[in-house]
file run-v4.cif (mmCIF, C-alpha atoms and all ligand atoms)
data_coords
#
loop_
_atom_site.group_PDB
_atom_site.id
_atom_site.type_symbol
_atom_site.label_atom_id
_atom_site.label_comp_id
_atom_site.auth_asym_id
_atom_site.auth_seq_id
_atom_site.Cartn_x
_atom_site.Cartn_y
_atom_site.Cartn_z
ATOM 1 C CA MET J 24 -41.941 62.474 -67.768
ATOM 2 C CA SER J 25 -38.196 63.046 -67.948
ATOM 3 C CA ARG J 26 -36.260 61.965 -71.034
ATOM 4 C CA PHE J 27 -33.670 60.498 -68.638
ATOM 5 C CA LYS J 28 -33.689 57.389 -66.467
ATOM 6 C CA ALA J 29 -30.783 58.448 -64.273
ATOM 7 C CA VAL J 30 -28.806 61.501 -63.209
ATOM 8 C CA ILE J 31 -25.160 60.988 -62.313
ATOM 9 C CA PHE J 32 -23.573 63.731 -60.245
ATOM 10 C CA ASP J 33 -19.972 64.699 -59.670
ATOM 11 C CA LEU J 34 -19.257 65.642 -56.046
ATOM 12 C CA ASP J 35 -16.433 68.181 -55.693
ATOM 13 C CA GLY J 36 -17.615 71.571 -56.960
ATOM 14 C CA VAL J 37 -21.132 70.355 -57.752
ATOM 15 C CA ILE J 38 -22.683 69.158 -54.482
ATOM 16 C CA THR J 39 -20.174 70.756 -52.120
ATOM 17 C CA ASP J 40 -17.330 73.235 -52.484
ATOM 18 C CA THR J 41 -14.485 70.832 -51.745
ATOM 19 C CA ALA J 42 -12.986 72.000 -55.074
ATOM 20 C CA HIS J 43 -11.738 75.031 -53.137
ATOM 21 C CA TYR J 44 -10.071 72.852 -50.470
ATOM 22 C CA HIS J 45 -8.384 70.746 -53.168
ATOM 23 C CA PHE J 46 -7.083 74.030 -54.625
ATOM 24 C CA LEU J 47 -5.731 75.239 -51.264
ATOM 25 C CA ALA J 48 -3.989 71.928 -50.567
ATOM 26 C CA TRP J 49 -2.385 71.763 -54.024
ATOM 27 C CA LYS J 50 -1.384 75.427 -53.785
ATOM 28 C CA ARG J 51 0.598 74.824 -50.598
ATOM 29 C CA LEU J 52 2.273 71.763 -52.092
ATOM 30 C CA ALA J 53 3.148 73.623 -55.308
ATOM 31 C CA ALA J 54 4.646 76.527 -53.349
ATOM 32 C CA ALA J 55 6.816 74.123 -51.340
ATOM 33 C CA GLN J 56 8.116 72.680 -54.623
ATOM 34 C CA GLY J 57 8.735 76.139 -56.117
ATOM 35 C CA VAL J 58 6.038 75.691 -58.755
ATOM 36 C CA ASP J 59 3.704 78.505 -59.867
ATOM 37 C CA PHE J 60 0.078 77.666 -59.249
ATOM 38 C CA ASP J 61 -3.056 79.765 -59.647
ATOM 39 C CA LEU J 62 -6.810 79.418 -60.083
ATOM 40 C CA ALA J 63 -6.529 79.275 -63.881
ATOM 41 C CA PHE J 64 -4.118 76.337 -63.717
ATOM 42 C CA ASN J 65 -6.345 74.720 -61.091
ATOM 43 C CA GLU J 66 -9.157 74.451 -63.681
ATOM 44 C CA GLN J 67 -7.072 71.776 -65.429
ATOM 45 C CA LEU J 68 -6.872 69.762 -62.215
ATOM 46 C CA LYS J 69 -10.597 69.613 -61.507
ATOM 47 C CA GLY J 70 -11.856 66.070 -62.012
ATOM 48 C CA VAL J 71 -8.314 64.722 -62.396
ATOM 49 C CA ASP J 72 -7.243 62.099 -59.850
ATOM 50 C CA ARG J 73 -4.609 62.703 -57.174
ATOM 51 C CA MET J 74 -1.523 61.316 -58.910
ATOM 52 C CA GLY J 75 -2.575 62.775 -62.272
ATOM 53 C CA SER J 76 -2.965 66.195 -60.638
ATOM 54 C CA LEU J 77 0.498 65.925 -59.073
ATOM 55 C CA GLU J 78 2.031 65.120 -62.466
ATOM 56 C CA LEU J 79 0.350 68.199 -63.980
ATOM 57 C CA ILE J 80 1.591 70.435 -61.153
ATOM 58 C CA LEU J 81 5.164 69.158 -61.320
ATOM 59 C CA GLY J 82 5.093 69.407 -65.129
ATOM 60 C CA ALA J 83 8.509 69.090 -66.724
ATOM 61 C CA THR J 84 10.172 68.780 -63.310
ATOM 62 C CA ALA J 85 8.275 65.524 -62.574
ATOM 63 C CA GLN J 86 11.192 63.528 -63.991
ATOM 64 C CA HIS J 87 13.379 64.679 -61.061
ATOM 65 C CA TYR J 88 11.146 62.914 -58.516
ATOM 66 C CA SER J 89 11.195 59.192 -57.775
ATOM 67 C CA PRO J 90 7.886 57.279 -57.613
ATOM 68 C CA GLN J 91 8.314 57.148 -53.808
ATOM 69 C CA GLN J 92 8.830 60.907 -53.599
ATOM 70 C CA LYS J 93 5.714 61.492 -55.699
ATOM 71 C CA LEU J 94 3.665 59.205 -53.470
ATOM 72 C CA ALA J 95 4.937 61.055 -50.398
ATOM 73 C CA LEU J 96 3.944 64.410 -51.930
ATOM 74 C CA ALA J 97 0.481 63.105 -52.858
ATOM 75 C CA ASP J 98 0.042 61.711 -49.329
ATOM 76 C CA ALA J 99 1.063 65.053 -47.800
ATOM 77 C CA LYS J 100 -1.440 66.892 -49.999
ATOM 78 C CA ASN J 101 -4.150 64.428 -49.007
ATOM 79 C CA ARG J 102 -3.423 64.822 -45.279
ATOM 80 C CA HIS J 103 -3.664 68.603 -45.628
ATOM 81 C CA TYR J 104 -6.895 68.233 -47.647
ATOM 82 C CA GLN J 105 -8.366 65.945 -44.982
ATOM 83 C CA GLN J 106 -7.519 68.535 -42.300
ATOM 84 C CA LEU J 107 -9.285 71.199 -44.356
ATOM 85 C CA ILE J 108 -12.467 69.118 -44.741
ATOM 86 C CA ALA J 109 -12.468 67.656 -41.210
ATOM 87 C CA THR J 110 -15.214 69.934 -39.931
ATOM 88 C CA MET J 111 -17.536 69.593 -42.920
ATOM 89 C CA SER J 112 -21.217 69.006 -42.265
ATOM 90 C CA ALA J 113 -24.602 69.371 -43.967
ATOM 91 C CA CYS J 114 -23.973 73.145 -43.786
ATOM 92 C CA ASP J 115 -21.415 72.645 -46.570
ATOM 93 C CA LEU J 116 -23.928 71.420 -49.135
ATOM 94 C CA LEU J 117 -24.040 73.903 -52.010
ATOM 95 C CA PRO J 118 -27.331 75.789 -52.554
ATOM 96 C CA GLY J 119 -29.859 73.658 -54.399
ATOM 97 C CA ALA J 120 -27.977 70.377 -53.977
ATOM 98 C CA VAL J 121 -30.518 68.625 -51.766
ATOM 99 C CA ALA J 122 -33.448 70.067 -53.747
ATOM 100 C CA ALA J 123 -31.893 68.739 -56.969
ATOM 101 C CA LEU J 124 -31.461 65.269 -55.470
ATOM 102 C CA ASP J 125 -35.053 65.395 -54.212
ATOM 103 C CA ALA J 126 -36.357 66.463 -57.635
ATOM 104 C CA VAL J 127 -34.544 63.615 -59.378
ATOM 105 C CA ARG J 128 -35.865 61.137 -56.841
ATOM 106 C CA ALA J 129 -39.418 62.508 -57.082
ATOM 107 C CA ALA J 130 -39.291 62.087 -60.867
ATOM 108 C CA GLY J 131 -38.549 58.379 -60.338
ATOM 109 C CA LEU J 132 -35.018 58.505 -61.750
ATOM 110 C CA LYS J 133 -31.971 56.693 -60.412
ATOM 111 C CA ILE J 134 -29.226 58.765 -58.778
ATOM 112 C CA GLY J 135 -25.517 58.021 -59.136
ATOM 113 C CA LEU J 136 -22.319 59.629 -57.905
ATOM 114 C CA ALA J 137 -19.226 59.698 -60.123
ATOM 115 C CA SER J 138 -16.304 61.294 -58.284
ATOM 116 C CA VAL J 139 -12.685 60.265 -58.817
ATOM 117 C CA SER J 140 -11.982 61.370 -55.231
ATOM 118 C CA LYS J 141 -10.939 58.593 -52.872
ATOM 119 C CA ASN J 142 -12.369 60.809 -50.121
ATOM 120 C CA ALA J 143 -15.849 60.814 -51.690
ATOM 121 C CA PHE J 144 -17.440 58.291 -49.299
ATOM 122 C CA ALA J 145 -16.135 60.212 -46.266
ATOM 123 C CA VAL J 146 -17.377 63.525 -47.683
ATOM 124 C CA LEU J 147 -20.833 62.070 -48.405
ATOM 125 C CA GLU J 148 -21.024 60.813 -44.811
ATOM 126 C CA MET J 149 -20.019 64.226 -43.424
ATOM 127 C CA LEU J 150 -22.640 65.902 -45.611
ATOM 128 C CA GLY J 151 -25.222 63.329 -44.461
ATOM 129 C CA ILE J 152 -26.344 62.419 -47.988
ATOM 130 C CA ARG J 153 -24.799 58.975 -48.611
ATOM 131 C CA ASP J 154 -28.193 57.227 -48.595
ATOM 132 C CA ARG J 155 -29.621 59.534 -51.253
ATOM 133 C CA PHE J 156 -27.553 57.794 -53.945
ATOM 134 C CA ASP J 157 -28.494 54.482 -55.544
ATOM 135 C CA ASP J 158 -24.866 54.002 -56.472
ATOM 136 C CA VAL J 159 -21.563 55.630 -55.539
ATOM 137 C CA VAL J 160 -18.673 54.577 -57.771
ATOM 138 C CA ASP J 161 -15.622 53.597 -55.720
ATOM 139 C CA ALA J 162 -12.754 55.578 -57.279
ATOM 140 C CA ALA J 163 -10.278 52.988 -55.999
ATOM 141 C CA THR J 164 -11.714 50.446 -58.475
ATOM 142 C CA LEU J 165 -11.110 52.602 -61.560
ATOM 143 C CA ALA J 166 -8.247 52.224 -64.023
ATOM 144 C CA ASN J 167 -8.777 55.651 -65.607
ATOM 145 C CA SER J 168 -9.417 59.169 -64.350
ATOM 146 C CA LYS J 169 -11.675 61.713 -66.077
ATOM 147 C CA PRO J 170 -11.684 62.694 -68.996
ATOM 148 C CA HIS J 171 -11.841 58.949 -69.725
ATOM 149 C CA PRO J 172 -15.509 57.843 -69.722
ATOM 150 C CA GLU J 173 -14.912 54.851 -67.402
ATOM 151 C CA ILE J 174 -16.369 56.404 -64.251
ATOM 152 C CA PHE J 175 -19.636 57.575 -65.839
ATOM 153 C CA LEU J 176 -20.022 54.295 -67.764
ATOM 154 C CA THR J 177 -19.418 52.384 -64.522
ATOM 155 C CA ALA J 178 -22.077 54.421 -62.719
ATOM 156 C CA ALA J 179 -24.604 53.825 -65.529
ATOM 157 C CA HIS J 180 -23.807 50.115 -65.515
ATOM 158 C CA HIS J 181 -24.282 49.879 -61.739
ATOM 159 C CA LEU J 182 -27.602 51.727 -62.050
ATOM 160 C CA GLY J 183 -28.743 49.438 -64.893
ATOM 161 C CA VAL J 184 -29.362 52.395 -67.216
ATOM 162 C CA ALA J 185 -28.074 52.888 -70.778
ATOM 163 C CA PRO J 186 -25.601 55.806 -71.102
ATOM 164 C CA GLN J 187 -27.843 57.663 -73.552
ATOM 165 C CA ASP J 188 -30.567 57.709 -70.876
ATOM 166 C CA CYS J 189 -28.276 59.437 -68.354
ATOM 167 C CA LEU J 190 -27.706 63.082 -67.539
ATOM 168 C CA GLY J 191 -24.215 63.758 -66.138
ATOM 169 C CA VAL J 192 -23.590 66.800 -63.947
ATOM 170 C CA GLU J 193 -20.062 68.252 -63.719
ATOM 171 C CA ASP J 194 -18.077 71.385 -62.826
ATOM 172 C CA ALA J 195 -14.825 70.266 -64.498
ATOM 173 C CA VAL J 196 -13.635 70.426 -68.102
ATOM 174 C CA ALA J 197 -12.283 66.874 -67.709
ATOM 175 C CA GLY J 198 -15.590 65.763 -66.192
ATOM 176 C CA VAL J 199 -17.717 67.172 -69.014
ATOM 177 C CA ALA J 200 -15.386 65.451 -71.494
ATOM 178 C CA SER J 201 -15.864 62.188 -69.567
ATOM 179 C CA ILE J 202 -19.672 62.516 -69.733
ATOM 180 C CA LYS J 203 -19.659 63.258 -73.460
ATOM 181 C CA ALA J 204 -17.227 60.398 -74.168
ATOM 182 C CA ALA J 205 -19.663 58.125 -72.295
ATOM 183 C CA GLY J 206 -22.433 59.162 -74.706
ATOM 184 C CA MET J 207 -24.467 61.021 -72.088
ATOM 185 C CA VAL J 208 -25.994 64.486 -71.968
ATOM 186 C CA ALA J 209 -23.738 66.869 -70.005
ATOM 187 C CA LEU J 210 -24.949 69.547 -67.639
ATOM 188 C CA GLY J 211 -22.100 71.868 -66.687
ATOM 189 C CA ILE J 212 -21.980 73.698 -63.375
ATOM 190 C CA GLY J 213 -20.032 76.944 -63.647
ATOM 191 C CA ASP J 214 -18.867 79.141 -66.498
ATOM 192 C CA PRO J 215 -20.113 78.374 -70.054
ATOM 193 C CA HIS J 216 -16.896 79.883 -71.476
ATOM 194 C CA ILE J 217 -14.914 77.218 -69.617
ATOM 195 C CA LEU J 218 -17.350 74.285 -69.928
ATOM 196 C CA ARG J 219 -17.764 74.692 -73.695
ATOM 197 C CA ALA J 220 -18.359 70.996 -74.379
ATOM 198 C CA ALA J 221 -21.383 70.795 -72.072
ATOM 199 C CA ASP J 222 -24.859 70.596 -73.590
ATOM 200 C CA ARG J 223 -26.098 73.158 -71.089
ATOM 201 C CA VAL J 224 -24.401 75.155 -68.314
ATOM 202 C CA ILE J 225 -25.974 76.568 -65.163
ATOM 203 C CA PRO J 226 -24.219 78.529 -62.380
ATOM 204 C CA GLY J 227 -25.159 76.036 -59.672
ATOM 205 C CA LEU J 228 -27.613 73.315 -58.679
ATOM 206 C CA ASP J 229 -29.963 76.037 -57.411
ATOM 207 C CA HIS J 230 -30.718 76.485 -61.151
ATOM 208 C CA PHE J 231 -31.266 72.751 -61.761
ATOM 209 C CA ARG J 232 -34.537 71.878 -63.548
ATOM 210 C CA LEU J 233 -35.217 68.408 -64.918
ATOM 211 C CA ASP J 234 -37.966 69.982 -67.056
ATOM 212 C CA ASP J 235 -35.284 71.773 -69.112
ATOM 213 C CA TYR J 236 -34.660 68.491 -70.956
ATOM 214 C CA ARG J 237 -38.139 67.512 -72.124
HETATM 215 C C1 LIG L 1 -11.841 65.228 -57.930
HETATM 216 C C2 LIG L 1 -11.380 66.655 -57.759
HETATM 217 O O1 LIG L 1 -13.188 65.135 -57.608
HETATM 218 O O2 LIG L 1 -11.103 64.364 -57.067
HETATM 219 C C3 LIG L 1 -9.871 66.760 -57.949
HETATM 220 O O3 LIG L 1 -12.039 67.449 -58.731
HETATM 221 C C4 LIG L 1 -9.170 65.780 -57.011
HETATM 222 O O4 LIG L 1 -9.476 68.077 -57.666
HETATM 223 C C5 LIG L 1 -9.680 64.380 -57.284
HETATM 224 O O5 LIG L 1 -7.771 65.811 -57.225
HETATM 225 C C6 LIG L 1 -9.040 63.312 -56.413
HETATM 226 O O6 LIG L 1 -9.409 63.513 -55.086
HETATM 227 P P1 LIG L 1 -8.752 62.747 -53.851
HETATM 228 O O7 LIG L 1 -9.669 63.101 -52.715
HETATM 229 O O8 LIG L 1 -8.799 61.276 -54.177
HETATM 230 O O9 LIG L 1 -7.374 63.248 -53.709
HETATM 231 MG MG MG L 2 -15.845 68.392 -59.639
#
call {"tool": "encode", "arguments": {"input": "run-v4.cif", "output": "structure tokens"}}
result
Amino acid sequence: MSRFKAVIFDLDGVITDTAHYHFLAWKRLAAAQGVDFDLAFNEQLKGVDRMGSLELILGATAQHYSPQQKLALADAKNRHYQQLIATMSACDLLPGAVAALDAVRAAGLKIGLASVSKNAFAVLEMLGIRDRFDDVVDAATLANSKPHPEIFLTAAHHLGVAPQDCLGVEDAVAGVASIKAAGMVALGIGDPHILRAADRVIPGLDHFRLDDYR
């Protein structure tokens, strides 16, 4: 029997590699604004919502933009991102993603999705996995982005499971912080030197084993 009652997954960078498309779209926007932007800086943006990411990219220059200009920039980034993901399909599921969802289901646990992306529902539909989740948090209903715990606490609440009985799965520093602030166990996907606050880190869901947590 698992020590958990639910597993709550992030989407971008965990189930599918949309993290790369977010990077490409932000990179083009940053270049147009004359702002330096690289993969190392992008790590800070993972798990951060659209407007929060824009503020981080603009940095000290953000004060020179009106709220309307910022919204226009965020909209332009989102249109570019949506072009980049337009042809996504089940082929874009990361290795081990479906097997991990199957394993959690077979163990009788609830499955939640906690992505701050307002494109999450569309991406799940394109991947063909929407019905595998008992709950998908609607990012539009949230007041706070990761690293605030709101999204993981909301998912646990919707699933009817106490936070301490949840395993959260994340590729982002902000996401791992959100899971830990929610009082959950954090499984990091990626580099243990980056995801230092995670309880355990694996390179990808193809290394996911519920048995690791007995
Ligand atoms: C997160 C990504 O899942 O969603 C971030 O890690 C992204 O990179 C954020 O900025 C918001 O996504 P969207 O689709 O609402 O712009
Ligand atoms: Mg992510």
call {"tool": "atom_distance", "arguments": {"input": "run-v4.cif", "atom1": "CA of Val196 (chain J)", "atom2": "CA of Leu47 (chain J)"}}
result
19.2 Å
call {"tool": "residues_near_ligand", "arguments": {"input": "run-v4.cif", "ligand": "ligand LIG 1 (chain L)", "cutoff": "8 Å", "atoms": "only C-alpha atoms and all ligand atoms", "output": "PyMOL selection string"}}
result
chain J and resi 33-36+41-42+45-46+68-76+97+100-101+104+138-143+162+195
call {"tool": "atom_distance", "arguments": {"input": "run-v4.cif", "atom1": "CA of Arg155 (chain J)", "atom2": "CA of His103 (chain J)"}}
result
28.1 Å
call {"tool": "axis_aligned_box", "arguments": {"input": "run-v4.cif", "around": "region 25-35 of chain J", "padding_each_side": "5 Å", "output": "JSON"}}
result
{"center_x": -27.3, "center_y": 62.8, "center_z": -63.4, "size_x": 31.8, "size_y": 20.8, "size_z": 25.3}
call {"tool": "closest_residue", "arguments": {"input": "run-v4.cif", "among": "J:Leu77, J:Ile212, J:Ile225, J:Ala109", "to": "ligand MG 2 (chain L)", "atoms": "only C-alpha atoms and all ligand atoms"}}
result
J:Ile212
call {"tool": "build_atoms", "arguments": {"input": "run-v4.cif", "residues": "region 102-124 of chain J", "atoms": "N, CA and C atoms", "output": "PDB file, in the frame of the given file"}}
result
ATOM      1  N   ARG J 102      -3.283  64.577 -46.730  1.00  0.00           N
ATOM      2  CA  ARG J 102      -3.423  64.822 -45.279  1.00  0.00           C
ATOM      3  C   ARG J 102      -3.865  66.266 -45.036  1.00  0.00           C
ATOM      4  N   HIS J 103      -3.265  67.195 -45.762  1.00  0.00           N
ATOM      5  CA  HIS J 103      -3.664  68.603 -45.628  1.00  0.00           C
ATOM      6  C   HIS J 103      -5.128  68.772 -46.042  1.00  0.00           C
ATOM      7  N   TYR J 104      -5.501  68.149 -47.166  1.00  0.00           N
ATOM      8  CA  TYR J 104      -6.895  68.233 -47.647  1.00  0.00           C
ATOM      9  C   TYR J 104      -7.853  67.684 -46.587  1.00  0.00           C
ATOM     10  N   GLN J 105      -7.479  66.550 -45.988  1.00  0.00           N
ATOM     11  CA  GLN J 105      -8.366  65.945 -44.982  1.00  0.00           C
ATOM     12  C   GLN J 105      -8.491  66.834 -43.744  1.00  0.00           C
ATOM     13  N   GLN J 106      -7.409  67.561 -43.406  1.00  0.00           N
ATOM     14  CA  GLN J 106      -7.519  68.535 -42.300  1.00  0.00           C
ATOM     15  C   GLN J 106      -8.511  69.641 -42.667  1.00  0.00           C
ATOM     16  N   LEU J 107      -8.427  70.094 -43.923  1.00  0.00           N
ATOM     17  CA  LEU J 107      -9.285  71.199 -44.356  1.00  0.00           C
ATOM     18  C   LEU J 107     -10.767  70.810 -44.358  1.00  0.00           C
ATOM     19  N   ILE J 108     -11.052  69.530 -44.646  1.00  0.00           N
ATOM     20  CA  ILE J 108     -12.467  69.118 -44.741  1.00  0.00           C
ATOM     21  C   ILE J 108     -12.982  68.475 -43.452  1.00  0.00           C
ATOM     22  N   ALA J 109     -12.124  68.424 -42.427  1.00  0.00           N
ATOM     23  CA  ALA J 109     -12.468  67.656 -41.210  1.00  0.00           C
ATOM     24  C   ALA J 109     -13.743  68.136 -40.525  1.00  0.00           C
ATOM     25  N   THR J 110     -14.046  69.411 -40.650  1.00  0.00           N
ATOM     26  CA  THR J 110     -15.214  69.934 -39.931  1.00  0.00           C
ATOM     27  C   THR J 110     -16.433  70.095 -40.844  1.00  0.00           C
ATOM     28  N   MET J 111     -16.390  69.470 -42.006  1.00  0.00           N
ATOM     29  CA  MET J 111     -17.536  69.593 -42.920  1.00  0.00           C
ATOM     30  C   MET J 111     -18.785  68.963 -42.333  1.00  0.00           C
ATOM     31  N   SER J 112     -19.930  69.539 -42.719  1.00  0.00           N
ATOM     32  CA  SER J 112     -21.217  69.006 -42.265  1.00  0.00           C
ATOM     33  C   SER J 112     -22.265  69.327 -43.336  1.00  0.00           C
ATOM     34  N   ALA J 113     -23.520  69.068 -43.016  1.00  0.00           N
ATOM     35  CA  ALA J 113     -24.602  69.371 -43.967  1.00  0.00           C
ATOM     36  C   ALA J 113     -24.632  70.852 -44.338  1.00  0.00           C
ATOM     37  N   CYS J 114     -24.033  71.704 -43.481  1.00  0.00           N
ATOM     38  CA  CYS J 114     -23.973  73.145 -43.786  1.00  0.00           C
ATOM     39  C   CYS J 114     -23.141  73.411 -45.039  1.00  0.00           C
ATOM     40  N   ASP J 115     -22.304  72.451 -45.423  1.00  0.00           N
ATOM     41  CA  ASP J 115     -21.415  72.645 -46.570  1.00  0.00           C
ATOM     42  C   ASP J 115     -22.002  72.162 -47.889  1.00  0.00           C
ATOM     43  N   LEU J 116     -23.259  71.751 -47.868  1.00  0.00           N
ATOM     44  CA  LEU J 116     -23.928  71.420 -49.135  1.00  0.00           C
ATOM     45  C   LEU J 116     -24.140  72.718 -49.917  1.00  0.00           C
ATOM     46  N   LEU J 117     -23.845  72.695 -51.198  1.00  0.00           N
ATOM     47  CA  LEU J 117     -24.040  73.903 -52.010  1.00  0.00           C
ATOM     48  C   LEU J 117     -25.530  74.186 -52.190  1.00  0.00           C
ATOM     49  N   PRO J 118     -25.910  75.451 -52.400  1.00  0.00           N
ATOM     50  CA  PRO J 118     -27.331  75.789 -52.554  1.00  0.00           C
ATOM     51  C   PRO J 118     -27.979  74.966 -53.677  1.00  0.00           C
ATOM     52  N   GLY J 119     -29.113  74.405 -53.386  1.00  0.00           N
ATOM     53  CA  GLY J 119     -29.859  73.658 -54.399  1.00  0.00           C
ATOM     54  C   GLY J 119     -29.491  72.196 -54.505  1.00  0.00           C
ATOM     55  N   ALA J 120     -28.437  71.766 -53.812  1.00  0.00           N
ATOM     56  CA  ALA J 120     -27.977  70.377 -53.977  1.00  0.00           C
ATOM     57  C   ALA J 120     -29.034  69.374 -53.502  1.00  0.00           C
ATOM     58  N   VAL J 121     -29.533  69.571 -52.299  1.00  0.00           N
ATOM     59  CA  VAL J 121     -30.518  68.625 -51.766  1.00  0.00           C
ATOM     60  C   VAL J 121     -31.819  68.706 -52.575  1.00  0.00           C
ATOM     61  N   ALA J 122     -32.221  69.906 -52.949  1.00  0.00           N
ATOM     62  CA  ALA J 122     -33.448  70.067 -53.747  1.00  0.00           C
ATOM     63  C   ALA J 122     -33.303  69.352 -55.093  1.00  0.00           C
ATOM     64  N   ALA J 123     -32.111  69.415 -55.688  1.00  0.00           N
ATOM     65  CA  ALA J 123     -31.893  68.739 -56.969  1.00  0.00           C
ATOM     66  C   ALA J 123     -31.994  67.225 -56.799  1.00  0.00           C
ATOM     67  N   LEU J 124     -31.385  66.707 -55.724  1.00  0.00           N
ATOM     68  CA  LEU J 124     -31.461  65.269 -55.470  1.00  0.00           C
ATOM     69  C   LEU J 124     -32.918  64.856 -55.218  1.00  0.00           C
TER      70      LEU J 124
END
